[in-house]
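Data block below; observations after.
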Amino acid sequence: MADCYKFQKLINDTIDNEIDTSGKKQLEDHIKQCASCSMQLKNALDLQHSLKTLPKFKTSASFELVLRSKLRNEMYNKPAFAPFGWLPSWRPVPAVATLGILFIIFGYFMAGMIHNSKTPVITQQPGINGANTAVLENIPAVVTQPVSHDGYIKMKNYVNIAEQLPGNRVYTRELSENQSNNSRIEQVQSDSIQRIMPRRLNKPLIRQANTIVHF
Amino acid sequence: MTNKSIQQSTVTDEELIKRYQDGDLYAYDLIVRRYKDQLLNFAYRFLGNLEESEDVVQETFLRLYKNRHAYKQIAKFSTWIYTIAGNLAKTELRKRKRRKLVSISELGFEEKEFELEDNKADTEQQADSQLKEKIIQNAIEDLPFRFKQVIILRDIQELSYEDISSILRIPLGTVKSRVNRARQRLQVLLKDLMSQENRS
């Protein structure tokens, strides 16, 4: 029947028990004449009854026991499956503390090793056109900056340049921002290079372990 | 409130979860007892395997334990926990699809023993009802996931349309039309069973 479509909603409302009195009356009148809708309503009600009366299962007797065991594992942060279960389970706070201590000890030794293993070596080599050349080796962070065309070193950072002068004496000088390389701020003796080397260069421009500086 | 008084069923789920959020583990136990069977039946209708379903329920309660503060009082607790269990069941179905394993229940083995809530029927009736249940379960499993969800929630778990809308995060009208289409689809799948019952 062409009108059957509009009764579909009323059938659904009946199943959901949401049908009002007038809707119920309309549907009852319709199904008296329509075998198809009558059958559909019956099937729908049967199906709903079957679904509602499906067997209801209960959890197994061990359900809460298993859950408790899982919760206990969860509390101790231990995975349920532990292939190395014989190892002591780690706790976050002591583990972090241990790692911190190890990190400090490791850092202390590493700092010492870096400081001691690379002793700065300064040797003399024949330079181009007889110029003096100082070869600086194992210097952790000698910062150099190319001299600009106008003969000025333009940099934002301080720079340490080791300069070998006649008589095998090595000097270092510190040049600061926009200062001419002729402007000597500080002249120190070669032995004081040790004092300069470990100093932390917080704004290095170029880092090189081995540097050749031409003068 | 004493532990004895919160055992009473008049205590709402929302009150229990609030107590649990405040650190009362006894309230957690009560939630578990209140929902474990409902959620088992809910998961079972998706998966058709009781052991897997129980694992899903266990995982649901573990998540509740770990994420107690994820629940906000603006939602009903039941819809929240059903959402978790439904998502886990869906994940399990996806995993199963990937594994393409034959479920143990299909082979007729279940390692654990699961009790039925009401077990008074005689043997012949039991056999009939088990067969019918199996046919219906298979038909539910054959439904597309979106239909399966709404049929289980509405016609088996008997949740309201509003709750279903909240669990699935879809509009109320969509839930209603989806339930209607799911029912029609299920009727088609169970045509033989229905006509057999009409004859008898």
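The chains in the structure tokens are called A, B, ... from first to last as shown; in each chain the residues are counted from 1, and the ligands are counted from 1 in the order shown.
The protein and nucleic acid residues lying at most 9 Å from Ser78 (chain B) are Asp13, Glu14, Tyr35, Thr83, Asp163 and Ile167 of chain B, with only C-alpha atoms considered and sequence neighbours fewer than 5 positions away removed.
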Would you write out those residues with all heavy atoms, as a PDB file, in the first residue's frame?
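The new file part16.pdb reads:
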```
ATOM      1  N   ASP B  13      25.634   6.752  40.231  1.00  0.00           N
ATOM      2  CA  ASP B  13      26.967   6.501  39.670  1.00  0.00           C
ATOM      3  C   ASP B  13      27.838   7.747  39.807  1.00  0.00           C
ATOM      4  O   ASP B  13      29.035   7.653  40.074  1.00  0.00           O
ATOM      5  CB  ASP B  13      26.849   6.193  38.169  1.00  0.00           C
ATOM      6  CG  ASP B  13      26.080   4.915  37.919  1.00  0.00           C
ATOM      7  OD1 ASP B  13      25.984   4.096  38.841  1.00  0.00           O
ATOM      8  OD2 ASP B  13      25.583   4.757  36.780  1.00  0.00           O
ATOM      9  N   GLU B  14      27.218   8.882  39.603  1.00  0.00           N
ATOM     10  CA  GLU B  14      27.964  10.144  39.638  1.00  0.00           C
ATOM     11  C   GLU B  14      28.522  10.411  41.038  1.00  0.00           C
ATOM     12  O   GLU B  14      29.631  10.913  41.181  1.00  0.00           O
ATOM     13  CB  GLU B  14      27.079  11.311  39.177  1.00  0.00           C
ATOM     14  CG  GLU B  14      26.795  11.327  37.677  1.00  0.00           C
ATOM     15  CD  GLU B  14      25.875  10.205  37.206  1.00  0.00           C
ATOM     16  OE1 GLU B  14      25.028   9.751  38.007  1.00  0.00           O
ATOM     17  OE2 GLU B  14      26.006   9.773  36.044  1.00  0.00           O
ATOM     18  N   TYR B  35      28.848  -2.425  37.222  1.00  0.00           N
ATOM     19  CA  TYR B  35      28.908  -2.390  35.753  1.00  0.00           C
ATOM     20  C   TYR B  35      29.517  -3.621  35.088  1.00  0.00           C
ATOM     21  O   TYR B  35      29.432  -3.753  33.872  1.00  0.00           O
ATOM     22  CB  TYR B  35      29.684  -1.135  35.295  1.00  0.00           C
ATOM     23  CG  TYR B  35      28.789   0.075  35.232  1.00  0.00           C
ATOM     24  CD1 TYR B  35      28.686   0.945  36.306  1.00  0.00           C
ATOM     25  CD2 TYR B  35      28.013   0.329  34.110  1.00  0.00           C
ATOM     26  CE1 TYR B  35      27.837   2.033  36.271  1.00  0.00           C
ATOM     27  CE2 TYR B  35      27.162   1.412  34.062  1.00  0.00           C
ATOM     28  CZ  TYR B  35      27.081   2.267  35.139  1.00  0.00           C
ATOM     29  OH  TYR B  35      26.240   3.332  35.096  1.00  0.00           O
ATOM     30  N   THR B  83      31.134   4.387  26.498  1.00  0.00           N
ATOM     31  CA  THR B  83      31.961   4.883  25.394  1.00  0.00           C
ATOM     32  C   THR B  83      33.335   4.215  25.428  1.00  0.00           C
ATOM     33  O   THR B  83      33.843   3.762  24.397  1.00  0.00           O
ATOM     34  CB  THR B  83      32.141   6.420  25.490  1.00  0.00           C
ATOM     35  OG1 THR B  83      30.860   7.013  25.602  1.00  0.00           O
ATOM     36  CG2 THR B  83      32.865   6.989  24.290  1.00  0.00           C
ATOM     37  N   ASP B 163      20.964   8.872  25.689  1.00  0.00           N
ATOM     38  CA  ASP B 163      22.250   8.308  26.128  1.00  0.00           C
ATOM     39  C   ASP B 163      23.051   7.796  24.934  1.00  0.00           C
ATOM     40  O   ASP B 163      24.275   7.967  24.876  1.00  0.00           O
ATOM     41  CB  ASP B 163      22.018   7.162  27.123  1.00  0.00           C
ATOM     42  CG  ASP B 163      21.630   7.675  28.501  1.00  0.00           C
ATOM     43  OD1 ASP B 163      21.682   8.910  28.692  1.00  0.00           O
ATOM     44  OD2 ASP B 163      21.270   6.852  29.368  1.00  0.00           O
ATOM     45  N   ILE B 167      26.731   8.759  23.830  1.00  0.00           N
ATOM     46  CA  ILE B 167      27.826   7.784  23.718  1.00  0.00           C
ATOM     47  C   ILE B 167      28.464   7.857  22.336  1.00  0.00           C
ATOM     48  O   ILE B 167      29.681   7.869  22.206  1.00  0.00           O
ATOM     49  CB  ILE B 167      27.308   6.342  23.995  1.00  0.00           C
ATOM     50  CG1 ILE B 167      26.935   6.187  25.468  1.00  0.00           C
ATOM     51  CG2 ILE B 167      28.332   5.287  23.589  1.00  0.00           C
ATOM     52  CD1 ILE B 167      26.143   4.933  25.798  1.00  0.00           C
TER      53      ILE B 167
END
```
*Using only C-alpha atoms, pick whichever of A:Met110, A:Phe103, A:Leu54, A:Glu64 has the shortest atom-to-atom distance to Asn41 (chain B).*
A:Leu54
*asked:* Need the shell around Arg68 (chain A): protein/DNA/RNA residues with any atom at most 12 Å away, counting only C-alpha atoms. Skip same-chain ones fewer than 4 positions apart. Format as a ChimeraX atom specification?
replied: /A:62-64,72-75,80 /B:25,28-29,32,58-59,61-62,65
Just-selected residues, N, CA, C and O atoms written as a PDB file, in the first residue's frame:
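Result saved to selection-v3.pdb:
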```pdb
ATOM      1  N   SER A  62      36.636 -15.414  38.625  1.00  0.00           N
ATOM      2  CA  SER A  62      37.967 -14.839  38.898  1.00  0.00           C
ATOM      3  C   SER A  62      38.094 -13.387  38.418  1.00  0.00           C
ATOM      4  O   SER A  62      39.172 -12.806  38.503  1.00  0.00           O
ATOM      5  N   PHE A  63      36.997 -12.837  37.929  1.00  0.00           N
ATOM      6  CA  PHE A  63      37.073 -11.504  37.307  1.00  0.00           C
ATOM      7  C   PHE A  63      37.715 -10.455  38.237  1.00  0.00           C
ATOM      8  O   PHE A  63      38.669  -9.778  37.875  1.00  0.00           O
ATOM      9  N   GLU A  64      37.177 -10.353  39.435  1.00  0.00           N
ATOM     10  CA  GLU A  64      37.668  -9.291  40.341  1.00  0.00           C
ATOM     11  C   GLU A  64      39.080  -9.569  40.816  1.00  0.00           C
ATOM     12  O   GLU A  64      39.877  -8.648  40.992  1.00  0.00           O
ATOM     13  N   ARG A  72      47.217  -4.014  40.749  1.00  0.00           N
ATOM     14  CA  ARG A  72      48.441  -4.023  41.555  1.00  0.00           C
ATOM     15  C   ARG A  72      49.644  -3.800  40.646  1.00  0.00           C
ATOM     16  O   ARG A  72      50.527  -3.008  40.942  1.00  0.00           O
ATOM     17  N   ASN A  73      49.653  -4.506  39.515  1.00  0.00           N
ATOM     18  CA  ASN A  73      50.750  -4.319  38.550  1.00  0.00           C
ATOM     19  C   ASN A  73      50.800  -2.876  38.082  1.00  0.00           C
ATOM     20  O   ASN A  73      51.872  -2.298  37.924  1.00  0.00           O
ATOM     21  N   GLU A  74      49.614  -2.342  37.858  1.00  0.00           N
ATOM     22  CA  GLU A  74      49.524  -0.963  37.369  1.00  0.00           C
ATOM     23  C   GLU A  74      50.094   0.005  38.404  1.00  0.00           C
ATOM     24  O   GLU A  74      50.830   0.932  38.068  1.00  0.00           O
ATOM     25  N   MET A  75      49.764  -0.258  39.673  1.00  0.00           N
ATOM     26  CA  MET A  75      50.211   0.640  40.749  1.00  0.00           C
ATOM     27  C   MET A  75      51.722   0.643  40.856  1.00  0.00           C
ATOM     28  O   MET A  75      52.335   1.656  41.123  1.00  0.00           O
ATOM     29  N   ALA A  80      52.162  -6.352  32.833  1.00  0.00           N
ATOM     30  CA  ALA A  80      51.599  -7.677  33.148  1.00  0.00           C
ATOM     31  C   ALA A  80      52.512  -8.782  32.635  1.00  0.00           C
ATOM     32  O   ALA A  80      52.720  -9.790  33.271  1.00  0.00           O
TER      33      ALA A  80
ATOM     34  N   LEU B  25      38.701   4.228  47.315  1.00  0.00           N
ATOM     35  CA  LEU B  25      38.828   3.031  46.468  1.00  0.00           C
ATOM     36  C   LEU B  25      37.638   2.085  46.624  1.00  0.00           C
ATOM     37  O   LEU B  25      37.359   1.290  45.726  1.00  0.00           O
ATOM     38  N   TYR B  28      35.285   2.749  43.952  1.00  0.00           N
ATOM     39  CA  TYR B  28      35.723   2.121  42.692  1.00  0.00           C
ATOM     40  C   TYR B  28      35.233   0.671  42.629  1.00  0.00           C
ATOM     41  O   TYR B  28      34.708   0.229  41.608  1.00  0.00           O
ATOM     42  N   ASP B  29      35.399  -0.045  43.734  1.00  0.00           N
ATOM     43  CA  ASP B  29      34.935  -1.443  43.794  1.00  0.00           C
ATOM     44  C   ASP B  29      33.439  -1.533  43.502  1.00  0.00           C
ATOM     45  O   ASP B  29      32.982  -2.431  42.798  1.00  0.00           O
ATOM     46  N   VAL B  32      32.756  -1.139  39.869  1.00  0.00           N
ATOM     47  CA  VAL B  32      33.100  -2.384  39.159  1.00  0.00           C
ATOM     48  C   VAL B  32      31.957  -3.385  39.294  1.00  0.00           C
ATOM     49  O   VAL B  32      31.502  -3.966  38.302  1.00  0.00           O
ATOM     50  N   GLN B  58      37.804  -5.772  31.603  1.00  0.00           N
ATOM     51  CA  GLN B  58      38.949  -5.549  32.507  1.00  0.00           C
ATOM     52  C   GLN B  58      39.696  -4.284  32.096  1.00  0.00           C
ATOM     53  O   GLN B  58      40.045  -3.446  32.927  1.00  0.00           O
ATOM     54  N   GLU B  59      39.941  -4.170  30.812  1.00  0.00           N
ATOM     55  CA  GLU B  59      40.677  -3.013  30.300  1.00  0.00           C
ATOM     56  C   GLU B  59      39.890  -1.713  30.542  1.00  0.00           C
ATOM     57  O   GLU B  59      40.463  -0.682  30.869  1.00  0.00           O
ATOM     58  N   PHE B  61      37.894  -1.132  33.055  1.00  0.00           N
ATOM     59  CA  PHE B  61      38.047  -0.749  34.464  1.00  0.00           C
ATOM     60  C   PHE B  61      39.465  -0.279  34.783  1.00  0.00           C
ATOM     61  O   PHE B  61      39.652   0.569  35.653  1.00  0.00           O
ATOM     62  N   LEU B  62      40.423  -0.837  34.070  1.00  0.00           N
ATOM     63  CA  LEU B  62      41.800  -0.351  34.263  1.00  0.00           C
ATOM     64  C   LEU B  62      41.910   1.108  33.826  1.00  0.00           C
ATOM     65  O   LEU B  62      42.566   1.918  34.464  1.00  0.00           O
ATOM     66  N   TYR B  65      40.417   3.269  36.301  1.00  0.00           N
ATOM     67  CA  TYR B  65      41.324   3.409  37.444  1.00  0.00           C
ATOM     68  C   TYR B  65      42.400   4.456  37.153  1.00  0.00           C
ATOM     69  O   TYR B  65      42.696   5.303  37.985  1.00  0.00           O
TER      70      TYR B  65
END
```
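Taking CA of Ala182 (chain B) and CA of Phe147 (chain B) as endpoints, the distance between them is 4.9 Å.
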Within 7 Å of chain B, which residues of chain A come that close, and what is the closest atom pair and distance in Å for each? Count only C-alpha atoms and give it as CSV.
```
residue,atom,partner,partner_atom,distance
A:Asn12,CA,B:Asn180,CA,6.8
A:Asn43,CA,B:Met194,CA,6.7
A:Gln48,CA,B:Asp155,CA,6.4
A:Leu51,CA,B:Ile156,CA,5.6
A:Lys52,CA,B:Ile156,CA,5.3
A:Leu54,CA,B:Glu133,CA,6.4
A:Pro55,CA,B:Leu116,CA,6.7
A:Lys56,CA,B:Glu117,CA,5.6
A:Phe57,CA,B:Leu116,CA,4.7
A:Lys58,CA,B:Asp37,CA,5.1
A:Thr59,CA,B:Asp37,CA,5.8
A:Ser60,CA,B:Phe114,CA,5.2
A:Leu67,CA,B:Gln58,CA,6.1
A:Leu71,CA,B:Leu62,CA,6.8
```
*Compile the contact shell of Lys90 (chain B) as number ranges by chain: residues with an atom at most 10 Å away, counting only C-alpha atoms, same-chain residues fewer than 3 positions apart removed.*
B: 43, 46-47, 56, 84-87, 93-96, 145, 149
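Residue nearest Leu64 (chain B) within the list B:Ile135, B:Val11, B:Lys97, B:Ile31: B:Ile31 [criterion: smallest interatomic distance, only C-alpha atoms].
Counting from CA of Arg99 (chain B), the distance to CA of Val150 (chain B) is 25.7 Å.
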